[in-house]
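One structure is given here, and the rest of the page talks about it.
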Amino acid sequence: MISVGIDVSKDKHDCFIVNSEGEVLADVFTIHNTMDGFNFLLQRIRECTMPQDKIKVGLEATGHYSYNLLGFLLDNGLPTYVLNPLRTNLYRKSLSLRKTKTDRVDARTIATMLLSDAGLKPYTDTAYHNEELKSLTRYRFDKVKERTKLKSSISRLVCILFPELEKLVPTLHMASIYALLEEFPDAKQIAAAHLTRLKALLETASKGHYKRDMALRIRDAARNSIGAFMPAKSLELQHTIRLIRELDAEIAEIEERIQSIMNDLHSPITTIPGMGVRMAAMILAEVGDFTRFVSPDKLLAYAGMSPSTYQSGQLKNCYPHMEKRGSRYLRYALYNATKCVCHWNPNFAAYLAKKRAEGKHYNVALSHATKKLVRLIFAMEKSKQPYSQLAA
């Protein structure tokens, strides 16, 4: 067995090659993050190995820094292992009491860890090519988060410029209200606007839902408003609405790409009642290759949703909390997917009600439902059967 440890950084990578007998075949050497550097690494690996040797190449999950090197190794048929930095950190500390962490030490640690841990699963082409879906779902997550912040700014600015408006409509974040505020961003301008113009604006933007009576109510409220006249805030409100519209268009484009990929994947988990395409896509993207996990519990631990355990002597943790050490995107997707599934799926709704009847807090009961959903997703991805067949 030949083990290759690679410590990844932005411009260079430190590499170390050792065999299962502990013999150092190539002491730590540095390659540049270029095609010449990648080819040099491949040449050194071939020089240190025989055709009958088994090879393990390991590197830490360092985000985008390792992506190009990972693709190169997989394209050249080298079994590659992507290690959790938390595991390698703990393993390095177990080897020595000294606080020593350098790139050279990390490369040796990764190579040694590959030889000692037989339970590691190699990174697959399936997981690598799944990166596009992961990039899209995470990009959408960030865009939606950005849009949420802008919507909070809308509420803040309306509270200053026209606070009475919020009580007249179900929500400020509607196309009709945005159209109104973009043209008349404060109470003073709305009060001075012609009723015909207000009526036409609201009726067009709301597709006929709001008509003359709503325009009249808004104008009357504006004439008696306590809202401040602040041109700077009005300008900020107009610009914020434009930014939200741009984000809406970008998010719609991202979701179209996600839908296209999901159509090609034909994943059975989208047949679960209440499981939307967006959350299903994020779950599939973050998990990657389901064959890496031997059980649903391993998948739950990967998401950081398994309970922490602490016991020493007579001391036990009576109120264990979730570890929250895995992918935060996967936890977000599982949590939100579980809420929707519990709402639309009678089996999950009954299970959630049962846990609530046992006296558990809603979040605790929901975590139990999440475990049930993870077991279901795991079984469906393994069998490739739709929900209707498994439920039957």
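All residue names refer to the structure tokens as shown: chains lettered A, B, ... in order, residues numbered from 1 in each chain, ligands numbered from 1 in order.
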Requested in this report: For Lys188 (chain A), list every protein, DNA or RNA residue within 9 Å, evaluated using only C-alpha atoms, and leave out those in the same chain fewer than 2 positions away; present the list as a ChimeraX atom specification.
Outcome: /A:161-162,184-186,190-193,222-223,225,227-229
Do you have, as a Markdown table, the list of residues of region 253-314 of chain A lying at most 7 Å from region 331-339 of chain A, each with its nearest atom pair and that distance in Å to one decimal, counting only C-alpha atoms and ordered by chain then number?
| residue | atom | partner | partner_atom | distance |
| --- | --- | --- | --- | --- |
| A:Met275 | CA | A:Ala337 | CA | 6.0 |
| A:Met279 | CA | A:Ala333 | CA | 5.2 |
| A:Met282 | CA | A:Ala333 | CA | 6.2 |
| A:Ile283 | CA | A:Ala333 | CA | 6.1 |
| A:Ala303 | CA | A:Arg331 | CA | 5.8 |
Query raised in the report: Which neighbours of region 49-64 of chain A fall inside 10 Å, counting only C-alpha atoms, when residues of the same chain fewer than 2 positions from it are skipped, and could you give them as JSON, numbers by chain?
Result: {"A": [1, 2, 3, 4, 5, 6, 7, 8, 9, 10, 13, 15, 16, 17, 19, 25, 44, 45, 46, 47, 66, 67, 68, 69, 70, 73, 78, 79, 80, 81, 82, 83, 84, 85, 86, 87, 88, 106, 107, 110, 111, 112, 113, 114, 115, 122, 123]}
Emit the selected residues as a CSV table (one decimal), in the first residue's frame, including C-alpha atoms.
chain,number,residue,atom,x,y,z
A,1,MET,CA,0.0,0.0,0.0
A,2,ILE,CA,1.4,3.4,-1.0
A,3,SER,CA,0.0,6.5,0.7
A,4,VAL,CA,0.3,10.0,-0.7
A,5,GLY,CA,-0.5,12.9,1.6
A,6,ILE,CA,-1.1,16.3,0.1
A,7,ASP,CA,-1.5,19.5,2.1
A,8,VAL,CA,-3.4,21.9,-0.2
A,9,SER,CA,-3.0,25.7,-0.2
A,10,LYS,CA,-3.7,28.5,-2.7
A,13,HIS,CA,0.8,21.9,-2.4
A,15,CYS,CA,3.2,16.2,-0.8
A,16,PHE,CA,4.6,13.2,1.1
A,17,ILE,CA,4.7,9.6,-0.1
A,19,ASN,CA,4.4,2.9,2.1
A,25,LEU,CA,9.4,6.9,-0.6
A,44,ARG,CA,6.8,11.2,-8.6
A,45,ILE,CA,3.9,8.9,-7.7
A,46,ARG,CA,4.6,6.6,-10.6
A,47,GLU,CA,8.3,6.6,-9.8
A,66,SER,CA,-8.4,21.6,-3.9
A,67,TYR,CA,-11.0,21.4,-6.6
A,68,ASN,CA,-8.6,21.5,-9.6
A,69,LEU,CA,-6.1,19.1,-8.1
A,70,LEU,CA,-8.9,16.7,-7.1
A,73,LEU,CA,-6.2,13.0,-9.7
A,78,LEU,CA,-5.9,7.6,-8.7
A,79,PRO,CA,-8.1,6.6,-5.7
A,80,THR,CA,-8.4,9.9,-3.9
A,81,TYR,CA,-9.7,10.5,-0.4
A,82,VAL,CA,-11.1,13.8,0.8
A,83,LEU,CA,-10.6,14.1,4.5
A,84,ASN,CA,-12.5,16.2,7.0
A,85,PRO,CA,-10.0,18.8,8.5
A,86,LEU,CA,-11.4,18.2,11.9
A,87,ARG,CA,-10.4,14.5,11.8
A,88,THR,CA,-6.9,15.2,10.5
A,106,ASP,CA,0.1,18.1,7.7
A,107,ALA,CA,1.2,16.3,4.5
A,110,ILE,CA,-2.6,12.9,6.0
A,111,ALA,CA,-0.4,10.1,4.5
A,112,THR,CA,-0.2,8.3,7.8
A,113,MET,CA,-3.9,8.7,8.5
A,114,LEU,CA,-4.7,7.0,5.2
A,115,LEU,CA,-2.7,4.0,6.2
A,122,PRO,CA,-12.6,7.2,-1.6
A,123,TYR,CA,-14.0,10.2,-3.4
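Reported to one decimal place, the separation of CA of Lys360 (chain A) from CA of Tyr387 (chain A) is 27.8 Å.
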Report task. Report as JSON, numbers by chain: the residues of region 97-342 of chain A with a DSSP assignment of strand (DSSP E), based on the backbone of this structure. Result -> {"A": [311, 312, 315, 316]}
Serialized selection, C-alpha atoms, as a PDB file, in the first residue's frame:
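Written file, part26.pdb:
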ATOM      1  CA  GLN A 311     -20.222  10.426  29.978  1.00  0.00           C
ATOM      2  CA  SER A 312     -17.558  10.211  32.632  1.00  0.00           C
ATOM      3  CA  LEU A 315     -21.688  12.129  35.093  1.00  0.00           C
ATOM      4  CA  LYS A 316     -23.915  11.844  32.057  1.00  0.00           C
TER       5      LYS A 316
END
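Among the candidates A:Asn33, A:Tyr91, A:Lys355, A:Gly208, the one nearest to Tyr65 (chain A) when counting only C-alpha atoms is A:Asn33.
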Taking the chain letters and numbering used in this document, name the residues of region 249-383 of chain A that DSSP puts in helix (DSSP H, G or I), as a compact mmCIF listing (two decimals) with N, CA and C atoms, in the first residue's frame.
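Here's the written file part_10.txt:
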# COMPACT_ATOMS: atom_id res chain seq x y z
N ALA A 249 -34.67 38.07 -10.44
CA ALA A 249 -34.36 37.54 -11.78
C ALA A 249 -33.19 36.57 -11.73
N GLU A 250 -32.16 36.89 -10.92
CA GLU A 250 -31.00 36.00 -10.80
C GLU A 250 -31.39 34.68 -10.14
N ILE A 251 -32.19 34.76 -9.08
CA ILE A 251 -32.61 33.55 -8.39
C ILE A 251 -33.46 32.67 -9.30
N ALA A 252 -34.32 33.29 -10.09
CA ALA A 252 -35.15 32.52 -11.03
C ALA A 252 -34.28 31.80 -12.06
N GLU A 253 -33.20 32.46 -12.52
CA GLU A 253 -32.30 31.84 -13.48
C GLU A 253 -31.54 30.67 -12.84
N ILE A 254 -31.10 30.86 -11.60
CA ILE A 254 -30.40 29.79 -10.87
C ILE A 254 -31.33 28.59 -10.69
N GLU A 255 -32.56 28.87 -10.29
CA GLU A 255 -33.52 27.79 -10.05
C GLU A 255 -33.84 27.04 -11.34
N GLU A 256 -33.81 27.73 -12.46
CA GLU A 256 -34.03 27.06 -13.74
C GLU A 256 -32.91 26.08 -14.05
N ARG A 257 -31.66 26.47 -13.74
CA ARG A 257 -30.52 25.58 -13.93
C ARG A 257 -30.60 24.38 -12.98
N ILE A 258 -30.99 24.64 -11.75
CA ILE A 258 -31.13 23.55 -10.78
C ILE A 258 -32.20 22.56 -11.24
N GLN A 259 -33.31 23.09 -11.73
CA GLN A 259 -34.40 22.22 -12.22
C GLN A 259 -33.91 21.36 -13.38
N SER A 260 -33.09 21.93 -14.25
CA SER A 260 -32.57 21.18 -15.39
C SER A 260 -31.71 20.01 -14.93
N ILE A 261 -30.85 20.25 -13.94
CA ILE A 261 -29.99 19.18 -13.42
C ILE A 261 -30.83 18.12 -12.72
N MET A 262 -31.81 18.56 -11.94
CA MET A 262 -32.67 17.61 -11.23
C MET A 262 -33.47 16.74 -12.20
N ASN A 263 -33.86 17.30 -13.33
CA ASN A 263 -34.56 16.51 -14.34
C ASN A 263 -33.67 15.40 -14.89
N ASP A 264 -32.37 15.68 -14.98
CA ASP A 264 -31.44 14.65 -15.48
C ASP A 264 -31.14 13.60 -14.42
N LEU A 265 -31.19 13.98 -13.14
CA LEU A 265 -30.85 13.05 -12.07
C LEU A 265 -31.96 12.02 -11.82
N PRO A 268 -35.47 9.77 -6.79
CA PRO A 268 -36.78 9.36 -6.26
C PRO A 268 -37.25 10.18 -5.07
N ILE A 269 -36.34 10.91 -4.42
CA ILE A 269 -36.75 11.61 -3.19
C ILE A 269 -37.70 12.77 -3.49
N THR A 270 -37.74 13.20 -4.74
CA THR A 270 -38.69 14.27 -5.10
C THR A 270 -40.13 13.77 -5.10
N THR A 271 -40.33 12.44 -5.01
CA THR A 271 -41.69 11.88 -4.96
C THR A 271 -42.26 11.87 -3.55
N VAL A 277 -38.38 20.67 -4.93
CA VAL A 277 -37.19 20.47 -5.77
C VAL A 277 -35.98 21.20 -5.18
N ARG A 278 -36.18 22.38 -4.61
CA ARG A 278 -35.05 23.17 -4.11
C ARG A 278 -34.37 22.47 -2.94
N MET A 279 -35.17 22.02 -1.97
CA MET A 279 -34.58 21.34 -0.81
C MET A 279 -34.01 19.99 -1.20
N ALA A 280 -34.69 19.29 -2.12
CA ALA A 280 -34.17 18.00 -2.59
C ALA A 280 -32.83 18.18 -3.29
N ALA A 281 -32.73 19.24 -4.10
CA ALA A 281 -31.48 19.52 -4.80
C ALA A 281 -30.35 19.82 -3.82
N MET A 282 -30.65 20.59 -2.78
CA MET A 282 -29.62 20.91 -1.80
C MET A 282 -29.18 19.68 -1.02
N ILE A 283 -30.12 18.81 -0.69
CA ILE A 283 -29.78 17.57 0.02
C ILE A 283 -28.89 16.70 -0.85
N LEU A 284 -29.27 16.49 -2.10
CA LEU A 284 -28.48 15.67 -3.01
C LEU A 284 -27.10 16.28 -3.26
N ALA A 285 -27.05 17.59 -3.38
CA ALA A 285 -25.78 18.27 -3.65
C ALA A 285 -24.82 18.13 -2.48
N GLU A 286 -25.32 18.30 -1.27
CA GLU A 286 -24.45 18.26 -0.09
C GLU A 286 -24.03 16.84 0.27
N VAL A 287 -24.91 15.87 0.04
CA VAL A 287 -24.56 14.48 0.36
C VAL A 287 -23.62 13.93 -0.71
N PHE A 290 -24.16 8.72 -2.21
CA PHE A 290 -24.74 8.05 -1.05
C PHE A 290 -24.00 6.76 -0.70
N THR A 291 -23.24 6.21 -1.63
CA THR A 291 -22.51 4.98 -1.35
C THR A 291 -21.38 5.20 -0.35
N ARG A 292 -21.05 6.43 -0.08
CA ARG A 292 -20.01 6.72 0.93
C ARG A 292 -20.48 6.39 2.33
N PRO A 296 -27.90 5.13 7.57
CA PRO A 296 -28.47 6.47 7.74
C PRO A 296 -27.86 7.24 8.90
N ASP A 297 -27.42 6.53 9.94
CA ASP A 297 -26.80 7.20 11.09
C ASP A 297 -25.51 7.91 10.68
N LYS A 298 -24.76 7.29 9.77
CA LYS A 298 -23.53 7.93 9.28
C LYS A 298 -23.88 9.21 8.52
N LEU A 299 -24.94 9.14 7.75
CA LEU A 299 -25.38 10.32 7.00
C LEU A 299 -25.85 11.41 7.95
N LEU A 300 -26.55 11.02 9.01
CA LEU A 300 -27.02 11.98 10.00
C LEU A 300 -25.84 12.64 10.72
N ALA A 301 -24.82 11.84 11.02
CA ALA A 301 -23.62 12.40 11.66
C ALA A 301 -22.89 13.34 10.72
N TYR A 302 -22.88 13.02 9.42
CA TYR A 302 -22.25 13.88 8.42
C TYR A 302 -22.92 15.24 8.38
N ARG A 328 -23.56 22.91 7.14
CA ARG A 328 -24.68 23.74 7.59
C ARG A 328 -25.75 23.84 6.51
N TYR A 329 -25.35 23.73 5.25
CA TYR A 329 -26.32 23.75 4.16
C TYR A 329 -27.19 22.50 4.20
N LEU A 330 -26.58 21.35 4.51
CA LEU A 330 -27.34 20.11 4.59
C LEU A 330 -28.31 20.15 5.77
N ARG A 331 -27.86 20.69 6.90
CA ARG A 331 -28.76 20.82 8.05
C ARG A 331 -29.93 21.73 7.73
N TYR A 332 -29.64 22.83 7.05
CA TYR A 332 -30.70 23.77 6.66
C TYR A 332 -31.72 23.08 5.75
N ALA A 333 -31.22 22.34 4.76
CA ALA A 333 -32.11 21.69 3.81
C ALA A 333 -32.95 20.60 4.48
N LEU A 334 -32.32 19.80 5.34
CA LEU A 334 -33.07 18.73 6.02
C LEU A 334 -34.12 19.31 6.97
N TYR A 335 -33.76 20.37 7.67
CA TYR A 335 -34.69 20.99 8.62
C TYR A 335 -35.92 21.54 7.89
N ASN A 336 -35.68 22.30 6.83
CA ASN A 336 -36.80 22.90 6.10
C ASN A 336 -37.61 21.85 5.34
N ALA A 337 -36.92 20.85 4.80
CA ALA A 337 -37.63 19.78 4.11
C ALA A 337 -38.52 19.01 5.07
N THR A 338 -38.03 18.78 6.30
CA THR A 338 -38.82 18.04 7.29
C THR A 338 -40.08 18.80 7.66
N LYS A 339 -39.98 20.12 7.80
CA LYS A 339 -41.17 20.91 8.14
C LYS A 339 -42.23 20.79 7.05
N CYS A 340 -41.82 20.84 5.80
CA CYS A 340 -42.79 20.74 4.70
C CYS A 340 -43.35 19.32 4.59
N VAL A 341 -42.49 18.32 4.76
CA VAL A 341 -42.94 16.93 4.67
C VAL A 341 -43.93 16.63 5.80
N CYS A 342 -43.65 17.13 7.00
CA CYS A 342 -44.57 16.91 8.12
C CYS A 342 -45.92 17.59 7.89
N HIS A 343 -45.92 18.63 7.08
CA HIS A 343 -47.17 19.33 6.79
C HIS A 343 -48.00 18.59 5.74
N TRP A 344 -47.33 18.01 4.73
CA TRP A 344 -48.04 17.43 3.60
C TRP A 344 -48.13 15.91 3.64
N PRO A 346 -49.05 12.57 5.58
CA PRO A 346 -49.80 12.12 6.77
C PRO A 346 -48.97 11.26 7.72
N ASN A 347 -48.10 10.42 7.18
CA ASN A 347 -47.28 9.56 8.03
C ASN A 347 -46.34 10.38 8.91
N PHE A 348 -45.70 11.38 8.32
CA PHE A 348 -44.79 12.22 9.09
C PHE A 348 -45.55 13.15 10.02
N ALA A 349 -46.71 13.61 9.59
CA ALA A 349 -47.53 14.46 10.46
C ALA A 349 -47.94 13.70 11.72
N ALA A 350 -48.32 12.43 11.54
CA ALA A 350 -48.71 11.61 12.69
C ALA A 350 -47.51 11.34 13.60
N TYR A 351 -46.34 11.14 13.00
CA TYR A 351 -45.14 10.87 13.79
C TYR A 351 -44.74 12.10 14.61
N LEU A 352 -44.85 13.28 13.99
CA LEU A 352 -44.53 14.52 14.70
C LEU A 352 -45.52 14.74 15.84
N ALA A 353 -46.80 14.48 15.58
CA ALA A 353 -47.82 14.64 16.62
C ALA A 353 -47.59 13.67 17.78
N LYS A 354 -47.13 12.48 17.46
CA LYS A 354 -46.84 11.48 18.49
C LYS A 354 -45.72 11.97 19.40
N LYS A 355 -44.66 12.50 18.82
CA LYS A 355 -43.52 12.99 19.62
C LYS A 355 -43.93 14.21 20.45
N ARG A 356 -44.80 15.04 19.89
CA ARG A 356 -45.29 16.20 20.65
C ARG A 356 -46.15 15.74 21.82
N ALA A 357 -46.95 14.67 21.60
CA ALA A 357 -47.79 14.13 22.67
C ALA A 357 -46.97 13.52 23.79
N TYR A 362 -41.16 21.28 20.32
CA TYR A 362 -41.38 21.18 18.87
C TYR A 362 -40.07 20.91 18.14
N ASN A 363 -39.00 21.62 18.48
CA ASN A 363 -37.74 21.43 17.78
C ASN A 363 -37.16 20.04 18.02
N VAL A 364 -37.35 19.51 19.23
CA VAL A 364 -36.87 18.16 19.52
C VAL A 364 -37.69 17.14 18.72
N ALA A 365 -39.00 17.33 18.71
CA ALA A 365 -39.87 16.43 17.94
C ALA A 365 -39.52 16.50 16.46
N LEU A 366 -39.22 17.71 15.97
CA LEU A 366 -38.86 17.87 14.56
C LEU A 366 -37.54 17.18 14.25
N SER A 367 -36.61 17.19 15.21
CA SER A 367 -35.34 16.49 14.99
C SER A 367 -35.55 14.99 14.86
N HIS A 368 -36.51 14.44 15.61
CA HIS A 368 -36.84 13.02 15.46
C HIS A 368 -37.44 12.76 14.09
N ALA A 369 -38.30 13.67 13.62
CA ALA A 369 -38.88 13.53 12.28
C ALA A 369 -37.79 13.64 11.21
N THR A 370 -36.78 14.47 11.47
CA THR A 370 -35.67 14.60 10.52
C THR A 370 -34.91 13.29 10.40
N LYS A 371 -34.68 12.63 11.53
CA LYS A 371 -34.02 11.32 11.49
C LYS A 371 -34.84 10.32 10.67
N LYS A 372 -36.14 10.36 10.84
CA LYS A 372 -37.01 9.48 10.07
C LYS A 372 -36.92 9.80 8.58
N LEU A 373 -36.87 11.09 8.25
CA LEU A 373 -36.76 11.50 6.85
C LEU A 373 -35.41 11.08 6.27
N VAL A 374 -34.33 11.19 7.04
CA VAL A 374 -33.01 10.78 6.56
C VAL A 374 -32.99 9.28 6.26
N ARG A 375 -33.61 8.50 7.13
CA ARG A 375 -33.67 7.05 6.88
C ARG A 375 -34.45 6.75 5.61
N LEU A 376 -35.52 7.51 5.38
CA LEU A 376 -36.32 7.32 4.18
C LEU A 376 -35.53 7.71 2.93
N ILE A 377 -34.87 8.86 2.97
CA ILE A 377 -34.07 9.31 1.83
C ILE A 377 -32.96 8.32 1.52
N PHE A 378 -32.31 7.83 2.56
CA PHE A 378 -31.22 6.87 2.38
C PHE A 378 -31.73 5.60 1.69
N ALA A 379 -32.87 5.09 2.15
CA ALA A 379 -33.44 3.88 1.55
C ALA A 379 -33.86 4.10 0.11
N MET A 380 -34.44 5.27 -0.18
CA MET A 380 -34.90 5.55 -1.54
C MET A 380 -33.74 5.71 -2.51
N GLU A 381 -32.66 6.36 -2.07
CA GLU A 381 -31.50 6.53 -2.94
C GLU A 381 -30.78 5.21 -3.18
N LYS A 382 -30.84 4.31 -2.19
CA LYS A 382 -30.21 3.00 -2.35
C LYS A 382 -31.02 2.12 -3.30
N SER A 383 -32.35 2.16 -3.14
CA SER A 383 -33.21 1.28 -3.93
C SER A 383 -33.66 1.91 -5.25
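CA of Tyr178 (chain A) lies 10.4 Å from CA of Leu201 (chain A).
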Report task. Show which residues sit within 12 Å of Leu180 (chain A), as a PyMOL selection string. Count only C-alpha atoms, and ignore same-chain residues fewer than 6 positions away. Result -> chain A and resi 158+162+165+172-174+186-187+189-190+193+197-206+210+214-215+218-219+237-238+241
Query - Interatomic distance (Å, one decimal) between CA of Val105 (chain A) and CA of Arg92 (chain A) - result: 8.5 Å
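Excluding Thr240 (chain A) and any residue on its chain fewer than 5 positions from it, the residues at most 8 Å away by only C-alpha atoms are Leu150, Ser153 and Ile154 of chain A.
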